[in-house]
$ cat my_file-v6.cif   # mmCIF, C-alpha atoms
data_structure
#
loop_
_atom_site.label_atom_id
_atom_site.label_comp_id
_atom_site.auth_asym_id
_atom_site.auth_seq_id
_atom_site.Cartn_x
_atom_site.Cartn_y
_atom_site.Cartn_z
CA MET A 644 -29.50 11.01 -1.01
CA HIS A 645 -25.79 11.81 -0.95
CA VAL A 646 -23.83 11.68 2.24
CA THR A 647 -22.20 14.97 3.21
CA VAL A 648 -18.92 14.62 5.08
CA LEU A 649 -18.56 16.95 8.07
CA PHE A 650 -15.54 16.63 10.34
CA GLY A 651 -14.32 18.70 13.26
CA ALA A 652 -12.42 21.92 12.78
CA THR A 653 -9.12 20.29 13.63
CA MET A 654 -9.39 17.88 10.66
CA ASP A 655 -7.31 15.28 12.51
CA TRP A 656 -8.33 12.62 10.00
CA LEU A 657 -6.82 14.65 7.17
CA VAL A 658 -3.43 14.98 8.88
CA PHE A 659 -3.15 11.22 9.41
CA ALA A 660 -4.52 10.50 5.92
CA LEU A 661 -1.71 12.62 4.44
CA LEU A 662 1.02 11.13 6.63
CA SER A 663 0.07 7.61 5.60
CA PRO A 664 1.09 7.82 1.90
CA ALA A 665 4.29 9.68 2.82
CA PHE A 666 5.40 6.75 4.99
CA TRP A 667 4.15 4.13 2.53
CA GLY A 668 6.09 5.84 -0.25
CA ILE A 669 9.34 5.22 1.63
CA ASN A 670 8.32 1.60 2.10
CA ASN A 671 7.69 1.26 -1.66
CA VAL A 672 11.22 2.43 -2.41
CA VAL A 673 12.77 0.11 0.20
CA ASN A 674 10.76 -2.85 -1.13
CA LYS A 675 11.95 -2.11 -4.66
CA PHE A 676 15.54 -2.23 -3.39
CA LEU A 677 14.97 -5.48 -1.50
CA VAL A 678 13.17 -7.18 -4.39
CA THR A 679 15.77 -6.21 -7.00
CA LYS A 680 18.94 -6.41 -4.90
CA ARG A 681 18.43 -8.90 -2.07
CA PHE A 682 15.57 -11.36 -2.63
CA LYS A 683 14.96 -13.61 -5.61
CA GLY A 684 11.41 -14.75 -4.96
CA TYR A 685 8.08 -13.85 -3.42
CA PHE A 686 8.08 -16.37 -0.59
CA SER A 687 11.45 -15.39 0.83
CA ILE A 688 10.73 -11.65 1.03
CA ALA A 689 7.11 -12.08 2.20
CA ILE A 690 8.12 -14.42 5.03
CA TYR A 691 11.16 -12.35 6.01
CA LEU A 692 9.32 -9.02 6.15
CA ASN A 693 6.37 -10.45 8.04
CA LEU A 694 8.73 -11.91 10.65
CA VAL A 695 10.29 -8.45 10.97
CA ASP A 696 6.78 -7.10 11.54
CA LEU A 697 6.53 -9.28 14.64
CA ILE A 698 9.00 -6.92 16.32
CA PHE A 699 6.59 -4.01 15.88
CA ALA A 700 3.57 -6.11 16.88
CA GLY A 701 5.39 -7.08 20.09
CA ALA A 702 6.22 -3.42 20.78
CA VAL A 703 2.54 -2.47 20.40
CA PHE A 704 1.46 -5.29 22.71
CA VAL A 705 3.86 -4.07 25.41
CA ALA A 706 3.24 -0.34 24.95
CA VAL A 707 -0.56 -0.10 24.65
CA PRO A 708 -3.61 -2.06 25.89
CA VAL A 709 -4.72 -4.63 23.33
CA SER A 710 -8.29 -5.86 23.61
CA PHE A 711 -9.65 -9.23 22.51
CA GLU A 712 -13.24 -8.86 21.40
CA PHE A 713 -14.71 -12.14 20.17
CA PRO A 714 -15.24 -12.80 17.28
CA TYR A 715 -13.82 -9.57 15.87
CA ALA A 716 -10.24 -10.24 16.96
CA LEU A 717 -10.33 -13.57 15.12
CA PHE A 718 -11.88 -11.89 12.08
CA SER A 719 -9.09 -9.29 12.22
CA MET A 720 -6.52 -12.10 12.08
CA ALA A 721 -8.18 -13.46 8.94
CA VAL A 722 -8.24 -9.97 7.38
CA GLY A 723 -4.54 -9.58 8.26
CA MET A 724 -3.71 -12.41 5.88
CA LEU A 725 -5.16 -10.61 2.84
CA PRO A 726 -2.07 -8.42 2.21
CA LEU A 727 -0.01 -11.62 1.97
CA PHE A 728 -2.02 -12.67 -1.07
CA ALA A 729 -1.91 -9.15 -2.50
CA PHE A 730 1.84 -8.84 -1.99
CA TRP A 731 2.45 -11.76 -4.36
CA PHE A 732 1.11 -9.67 -7.26
CA TYR A 733 2.97 -6.56 -6.06
CA SER A 734 6.33 -8.32 -5.78
CA LYS A 735 5.91 -9.72 -9.30
CA ALA A 736 5.14 -6.23 -10.58
CA LEU A 737 8.26 -4.81 -8.91
CA MET A 738 10.37 -7.38 -10.73
CA VAL A 739 9.24 -6.19 -14.16
CA GLU A 740 8.67 -2.45 -13.75
CA GLU A 741 9.95 0.79 -12.20
CA VAL A 742 8.45 1.52 -8.78
CA SER A 743 7.33 5.03 -9.80
CA ARG A 744 5.31 3.49 -12.69
CA ILE A 745 3.75 0.92 -10.35
CA THR A 746 2.65 3.07 -7.43
CA PRO A 747 0.33 5.29 -9.56
CA LEU A 748 -1.65 2.12 -10.23
CA PHE A 749 -2.36 2.07 -6.50
CA GLN A 750 -5.06 4.58 -7.49
CA PHE A 751 -7.27 1.64 -8.36
CA ILE A 752 -7.53 0.95 -4.62
CA PRO A 753 -9.68 4.03 -3.88
CA ILE A 754 -11.78 3.23 -6.94
CA PHE A 755 -12.58 -0.24 -5.64
CA VAL A 756 -12.97 1.12 -2.09
CA VAL A 757 -15.50 3.70 -3.28
CA LEU A 758 -17.57 0.99 -4.97
CA LEU A 759 -17.38 -1.37 -2.00
CA SER A 760 -18.11 1.39 0.51
CA VAL A 761 -21.27 2.26 -1.42
CA LEU A 762 -22.41 -1.36 -1.41
CA PHE A 763 -21.50 -2.30 2.17
CA LEU A 764 -21.07 0.94 4.15
CA GLY A 765 -23.63 3.20 2.48
CA GLU A 766 -21.10 5.91 1.53
CA LEU A 767 -22.85 7.36 -1.54
CA LEU A 768 -21.01 9.65 -3.95
CA SER A 769 -21.72 12.84 -5.88
CA PRO A 770 -21.30 13.13 -9.70
CA GLN A 771 -18.18 15.23 -9.04
CA MET A 772 -16.60 12.31 -7.20
CA TYR A 773 -17.39 9.93 -10.04
CA PHE A 774 -15.67 12.34 -12.42
CA GLY A 775 -12.65 12.34 -10.11
CA ILE A 776 -12.59 8.54 -10.22
CA ALA A 777 -12.65 8.55 -14.04
CA LEU A 778 -9.81 11.07 -14.11
CA ILE A 779 -7.71 8.92 -11.79
CA VAL A 780 -8.27 5.82 -13.93
CA LEU A 781 -7.23 7.60 -17.13
CA THR A 782 -4.12 9.16 -15.61
CA SER A 783 -3.15 5.86 -13.99
CA MET A 784 -3.17 4.30 -17.44
CA LEU A 785 -1.28 7.28 -18.86
CA ILE A 786 1.61 7.02 -16.43
CA SER A 787 1.77 3.27 -17.01
CA TYR A 788 2.00 3.84 -20.77
CA ARG A 789 5.48 3.38 -22.21
CA LYS A 790 7.08 3.20 -25.64
CA THR A 791 8.92 0.01 -26.53
CA ALA A 792 10.70 -1.31 -29.59
CA ASN A 793 7.44 -2.91 -30.69
CA GLY A 794 5.36 0.22 -30.22
CA ASN A 795 3.39 1.79 -27.37
CA LEU A 796 2.26 -0.68 -24.74
CA LEU A 797 0.83 -0.57 -21.26
CA SER A 798 3.27 -1.50 -18.54
CA SER A 799 3.53 -5.24 -18.01
CA ALA A 800 2.82 -4.55 -14.35
CA PHE A 801 -0.69 -3.30 -15.16
CA LYS A 802 -2.39 -6.71 -15.17
CA LEU A 803 -0.63 -7.66 -11.92
CA MET A 804 -1.74 -4.53 -10.10
CA ILE A 805 -5.47 -5.04 -10.73
CA PRO A 806 -5.85 -8.08 -8.42
CA PHE A 807 -3.39 -6.47 -5.99
CA THR A 808 -5.50 -3.34 -5.67
CA ALA A 809 -8.79 -5.26 -5.54
CA ILE A 810 -7.61 -7.37 -2.59
CA LEU A 811 -6.32 -4.31 -0.74
CA ALA A 812 -9.62 -2.52 -1.36
CA VAL A 813 -11.49 -5.37 0.34
CA TYR A 814 -8.90 -5.24 3.13
CA THR A 815 -9.44 -1.47 3.54
CA VAL A 816 -13.24 -1.68 3.71
CA LEU A 817 -13.05 -4.53 6.23
CA ASN A 818 -10.74 -2.36 8.35
CA LYS A 819 -13.45 0.31 8.51
CA TYR A 820 -16.00 -2.31 9.53
CA LEU A 821 -13.77 -3.75 12.26
CA LEU A 822 -12.95 -0.30 13.64
CA GLY A 823 -16.57 -0.22 14.76
CA TYR A 824 -15.72 -2.95 17.28
CA LEU A 825 -11.96 -2.62 17.95
CA ASP A 826 -9.67 0.35 18.55
CA TYR A 827 -6.99 0.89 15.92
CA TRP A 828 -4.12 -0.43 18.10
CA SER A 829 -5.97 -3.69 18.78
CA LEU A 830 -6.99 -4.04 15.13
CA PHE A 831 -3.40 -3.48 14.03
CA PHE A 832 -2.05 -6.04 16.52
CA TRP A 833 -4.49 -8.81 15.62
CA MET A 834 -3.99 -8.25 11.88
CA MET A 835 -0.21 -8.56 12.38
CA ILE A 836 -0.75 -11.81 14.28
CA GLY A 837 -2.97 -13.07 11.45
CA SER A 838 -0.34 -12.11 8.89
CA CYS A 839 2.32 -14.01 10.80
CA PHE A 840 0.00 -17.01 11.06
CA GLY A 841 -0.25 -16.90 7.27
CA VAL A 842 3.55 -16.94 7.09
CA LEU A 843 3.65 -20.05 9.30
CA CYS A 844 1.21 -21.70 6.90
CA MET A 845 3.62 -20.88 4.05
CA LEU A 846 6.51 -22.44 5.94
CA ALA A 847 4.53 -25.67 6.23
CA PHE A 848 5.16 -26.21 2.50
CA SER A 849 8.56 -27.29 1.20
CA ARG A 850 9.00 -24.78 -1.64
CA PRO A 851 8.43 -21.60 0.42
CA ARG A 852 10.48 -23.05 3.30
CA LYS A 853 13.40 -23.94 1.02
CA GLU A 854 13.31 -20.54 -0.70
CA PHE A 855 13.26 -18.74 2.66
CA VAL A 856 16.12 -20.75 4.16
CA GLU A 857 18.29 -20.25 1.08
CA ALA A 858 17.62 -16.51 1.06
CA VAL A 859 18.24 -15.96 4.78
CA SER A 860 21.56 -17.81 4.63
CA GLN A 861 22.81 -15.19 2.14
CA LEU A 862 21.49 -12.12 3.92
CA GLY A 863 23.51 -10.00 6.32
CA LYS A 864 22.87 -7.45 9.05
CA ARG A 865 22.58 -4.65 6.50
CA THR A 866 19.58 -6.30 4.86
CA PHE A 867 17.95 -6.70 8.26
CA VAL A 868 18.48 -3.02 9.07
CA VAL A 869 17.10 -1.93 5.68
CA SER A 870 14.10 -4.25 6.15
CA LEU A 871 13.55 -2.90 9.67
CA VAL A 872 13.52 0.68 8.36
CA GLY A 873 11.22 -0.24 5.48
CA GLU A 874 8.76 -2.13 7.65
CA GLY A 875 8.92 0.61 10.27
CA THR A 876 7.69 3.12 7.69
CA TYR A 877 5.05 0.62 6.53
CA ILE A 878 3.82 0.24 10.12
CA LEU A 879 3.72 4.01 10.64
CA GLY A 880 1.74 4.41 7.42
CA THR A 881 -0.66 1.65 8.44
CA ILE A 882 -1.25 3.11 11.90
CA CYS A 883 -1.85 6.57 10.42
CA SER A 884 -4.28 5.07 7.91
CA LEU A 885 -6.20 3.20 10.64
CA ILE A 886 -6.43 6.35 12.76
CA ALA A 887 -7.70 8.36 9.78
CA THR A 888 -10.18 5.63 8.87
CA SER A 889 -11.48 5.50 12.45
CA LEU A 890 -12.17 9.28 12.27
CA GLY A 891 -13.49 9.68 8.73
CA TYR A 892 -15.04 7.99 5.72
CA VAL A 893 -12.94 5.16 4.34
CA SER A 894 -13.57 6.25 0.73
CA LEU A 895 -12.00 9.66 1.42
CA VAL A 896 -9.05 8.28 3.38
CA SER A 897 -8.39 5.75 0.63
CA ALA A 898 -8.57 8.45 -2.03
CA LEU A 899 -5.92 10.52 -0.26
CA SER A 900 -3.64 7.49 -0.15
CA GLY A 901 -3.32 8.13 -3.90
CA LEU A 902 -0.76 10.80 -3.02
CA GLN A 903 1.61 7.92 -2.37
CA HIS A 904 2.77 7.98 -6.00
CA PHE A 905 3.75 11.64 -5.60
CA PHE A 906 6.03 10.84 -2.67
CA VAL A 907 7.52 7.83 -4.50
CA PHE A 908 8.23 9.98 -7.54
CA ILE A 909 10.08 12.51 -5.37
CA TYR A 910 12.02 9.84 -3.46
CA MET A 911 13.06 7.97 -6.62
CA LEU A 912 13.98 11.18 -8.44
CA LEU A 913 16.29 12.18 -5.58
CA LEU A 914 17.86 8.72 -5.45
CA SER A 915 18.40 8.66 -9.22
CA LEU A 916 20.04 12.08 -9.15
CA PHE A 917 22.24 11.76 -6.06
CA VAL A 918 22.76 8.04 -5.31
CA PRO A 919 21.97 6.11 -8.52
CA THR A 920 24.00 3.11 -7.29
CA ILE A 921 21.17 2.29 -4.85
CA LEU A 922 18.24 2.59 -7.24
CA LYS A 923 17.98 4.32 -10.57
CA GLU A 924 15.01 5.14 -12.74
CA GLU A 925 14.50 6.61 -16.17
CA ILE A 926 14.72 10.40 -15.71
CA SER A 927 14.79 11.76 -19.25
CA LYS A 928 12.92 15.03 -19.83
CA THR A 929 10.10 13.29 -21.69
CA VAL A 930 9.57 10.65 -18.99
CA VAL A 931 9.72 13.16 -16.13
CA ALA A 932 7.34 15.51 -17.96
CA LEU A 933 4.85 12.67 -18.54
CA LYS A 934 4.95 11.67 -14.89
CA ILE A 935 4.53 15.26 -13.70
CA VAL A 936 1.50 15.80 -15.95
CA ALA A 937 -0.05 12.51 -14.85
CA ILE A 938 0.61 13.27 -11.19
CA ALA A 939 -0.92 16.73 -11.54
CA LEU A 940 -4.06 15.24 -13.08
CA MET A 941 -4.18 12.63 -10.34
CA PHE A 942 -4.07 15.40 -7.75
CA VAL A 943 -7.06 16.97 -9.50
CA GLY A 944 -8.90 13.65 -9.47
CA THR A 945 -8.08 13.08 -5.82
CA TRP A 946 -9.24 16.60 -4.96
CA LEU A 947 -12.54 16.03 -6.76
CA ILE A 948 -13.10 12.88 -4.73
CA THR A 949 -12.28 14.43 -1.37
CA VAL A 950 -14.06 17.82 -1.54
#

$ encode --input "my_file-v6.cif" --output "structure tokens"
Amino acid sequence: MHVTVLFGATMDWLVFALLSPAFWGINNVVNKFLVTKRFKGYFSIAIYLNLVDLIFAGAVFVAVPVSFEFPYALFSMAVGMLPLFAFWFYSKALMVEEVSRITPLFQFIPIFVVLLSVLFLGELLSPQMYFGIALIVLTSMLISYRKTANGNLLSSAFKLMIPFTAILAVYTVLNKYLLGYLDYWSLFFWMMIGSCFGVLCMLAFSRPRKEFVEAVSQLGKRTFVVSLVGEGTYILGTICSLIATSLGYVSLVSALSGLQHFFVFIYMLLLSLFVPTILKEEISKTVVALKIVAIALMFVGTWLITV
């Protein structure tokens, strides 16, 4: 028996589900800049950005009531450490590939989420949705396909994005589970605390600590401001995603997050055209046409999943 999704007339979940990828797209662009222009390794940027996140966690703690429900708050802290592991793969991918070729591979997240939600949350799918999933997979591979001197090859980021998306899919499904016991503000706060605890564990080892100290000594106020803006958009996207997930099915919310690649494409295209000194991507007619076709097909796949 398939589950039919019926929401209120206001469709609040849809508004927040669409805002989330728009904010995350900005964060993707900022992270690309930080990885390629400011930081030389995974540990330095992961530790630095998570410490910046403490500012937003503190603001939430002051501004809204945060509940501590045992053991779910502790479980939320453990879940909050999962993006740290995922970010290692993502940062490596950013070092070897254009951000607009990487973010379409985020579409594997809703695929894994759909499978996990069926197994653990009972969110069964229609044949139409499975067709949408297949379409997303094929177009994700298409946009990651590039011609090199040795012939046509998949992007080198492809193999890095599979574990990244799998970890984030587990993280997303666990968020839905925890929202049954915690409100989204409390869940966000305890996950941020867990993430920062993971950073402290990193600093207990000499290599991450040395890399972080060396990086921070070379960073200025401008990098902090850019990081603050980037993490601010990440936090806004995360809050919107948690609100949407608390109101609707996680498989649908996750599928709509696939629009993130569309926003990244637009942001990077504008930067390449008007301020290429910041970040520049390949914008030949052939490349742009390929990305537009792939994005259009991804929209179709996303639509098939969500209707």

$ closest_residue --input "my_file-v6.cif" --among "A:Leu947, A:Ile690, A:Val757, A:Ala716" --to "Trp731 of chain A" --atoms "only C-alpha atoms"
A:Ile690

$ closest_residue --input "my_file-v6.cif" --among "A:Gly701, A:Pro726, A:Gly684, A:Pro770" --to "Met738 of chain A" --atoms "only C-alpha atoms"
A:Gly684

$ residues_near_point --input "my_file-v6.cif" --point "(-6.2, 3.7, -1.4)" --cutoff "12 Å" --atoms "only C-alpha atoms" --output "PyMOL selection string"
chain A and resi 660-661+663-664+667+746-757+776+779+807-816+880-881+884+888+893-904+945+948

$ write_last_selection --input "my_file-v6.cif" --atoms "C-alpha atoms" --output "CSV table (one decimal), in the coordinates of the input"
chain,number,residue,atom,x,y,z
A,660,ALA,CA,-4.5,10.5,5.9
A,661,LEU,CA,-1.7,12.6,4.4
A,663,SER,CA,0.1,7.6,5.6
A,664,PRO,CA,1.1,7.8,1.9
A,667,TRP,CA,4.2,4.1,2.5
A,746,THR,CA,2.6,3.1,-7.4
A,747,PRO,CA,0.3,5.3,-9.6
A,748,LEU,CA,-1.6,2.1,-10.2
A,749,PHE,CA,-2.4,2.1,-6.5
A,750,GLN,CA,-5.1,4.6,-7.5
A,751,PHE,CA,-7.3,1.6,-8.4
A,752,ILE,CA,-7.5,1.0,-4.6
A,753,PRO,CA,-9.7,4.0,-3.9
A,754,ILE,CA,-11.8,3.2,-6.9
A,755,PHE,CA,-12.6,-0.2,-5.6
A,756,VAL,CA,-13.0,1.1,-2.1
A,757,VAL,CA,-15.5,3.7,-3.3
A,776,ILE,CA,-12.6,8.5,-10.2
A,779,ILE,CA,-7.7,8.9,-11.8
A,807,PHE,CA,-3.4,-6.5,-6.0
A,808,THR,CA,-5.5,-3.3,-5.7
A,809,ALA,CA,-8.8,-5.3,-5.5
A,810,ILE,CA,-7.6,-7.4,-2.6
A,811,LEU,CA,-6.3,-4.3,-0.7
A,812,ALA,CA,-9.6,-2.5,-1.4
A,813,VAL,CA,-11.5,-5.4,0.3
A,814,TYR,CA,-8.9,-5.2,3.1
A,815,THR,CA,-9.4,-1.5,3.5
A,816,VAL,CA,-13.2,-1.7,3.7
A,880,GLY,CA,1.7,4.4,7.4
A,881,THR,CA,-0.7,1.6,8.4
A,884,SER,CA,-4.3,5.1,7.9
A,888,THR,CA,-10.2,5.6,8.9
A,893,VAL,CA,-12.9,5.2,4.3
A,894,SER,CA,-13.6,6.2,0.7
A,895,LEU,CA,-12.0,9.7,1.4
A,896,VAL,CA,-9.0,8.3,3.4
A,897,SER,CA,-8.4,5.8,0.6
A,898,ALA,CA,-8.6,8.4,-2.0
A,899,LEU,CA,-5.9,10.5,-0.3
A,900,SER,CA,-3.6,7.5,-0.2
A,901,GLY,CA,-3.3,8.1,-3.9
A,902,LEU,CA,-0.8,10.8,-3.0
A,903,GLN,CA,1.6,7.9,-2.4
A,904,HIS,CA,2.8,8.0,-6.0
A,945,THR,CA,-8.1,13.1,-5.8
A,948,ILE,CA,-13.1,12.9,-4.7

$ atom_distance --input "my_file-v6.cif" --atom1 "atom CA of Ile669 of chain A" --atom2 "atom CA of Ala729 of chain A"
18.7 Å

$ atom_distance --input "my_file-v6.cif" --atom1 "atom CA of Lys802 of chain A" --atom2 "atom CA of Lys819 of chain A"
27.1 Å

$ atom_distance --input "my_file-v6.cif" --atom1 "atom CA of Ile886 of chain A" --atom2 "atom CA of Tyr827 of chain A"
6.3 Å

$ resolve_selection --input "my_file-v6.cif" --expression "the PyMOL selection byres ((chain A and resi 858-868) around 10)" --output "ChimeraX atom specification"
/A:677,680-684,686-688,691-692,695,852-857,869-874

$ residues_around --input "my_file-v6.cif" --residues "Ala702 of chain A" --least-positions-apart "3" --cutoff "12 Å" --atoms "all atoms listed in the file" --output "PyMOL selection string"
chain A and resi 695-699+705-709+828+831-832+835+875+878

$ closest_residue --input "my_file-v6.cif" --among "A:Phe763, A:Thr782, A:Met845, A:Phe732" --to "Ser799 of chain A" --atoms "all atoms listed in the file"
A:Phe732

$ resolve_selection --input "my_file-v6.cif" --expression "the PyMOL selection byres ((chain A and resi 737) around 12)" --output "number ranges by chain"
A: 671-680, 682-685, 730-736, 738-746, 798-801, 803-804

$ closest_residue --input "my_file-v6.cif" --among "A:Leu912, A:Cys839, A:Cys883, A:Val936" --to "Asp655 of chain A" --atoms "only C-alpha atoms"
A:Cys883

$ residues_around --input "my_file-v6.cif" --residues "Ser838 of chain A" --least-positions-apart "6" --cutoff "9 Å" --atoms "all atoms listed in the file" --output "PyMOL selection string"
chain A and resi 693+720-727

$ closest_residue --input "my_file-v6.cif" --among "A:Ala700, A:Leu879, A:Val658, A:Leu778" --to "Ala939 of chain A" --atoms "all atoms listed in the file"
A:Leu778

$ closest_residue --input "my_file-v6.cif" --among "A:Ala777, A:Ile805, A:Ile882, A:Leu764" --to "Ser829 of chain A" --atoms "only C-alpha atoms"
A:Ile882
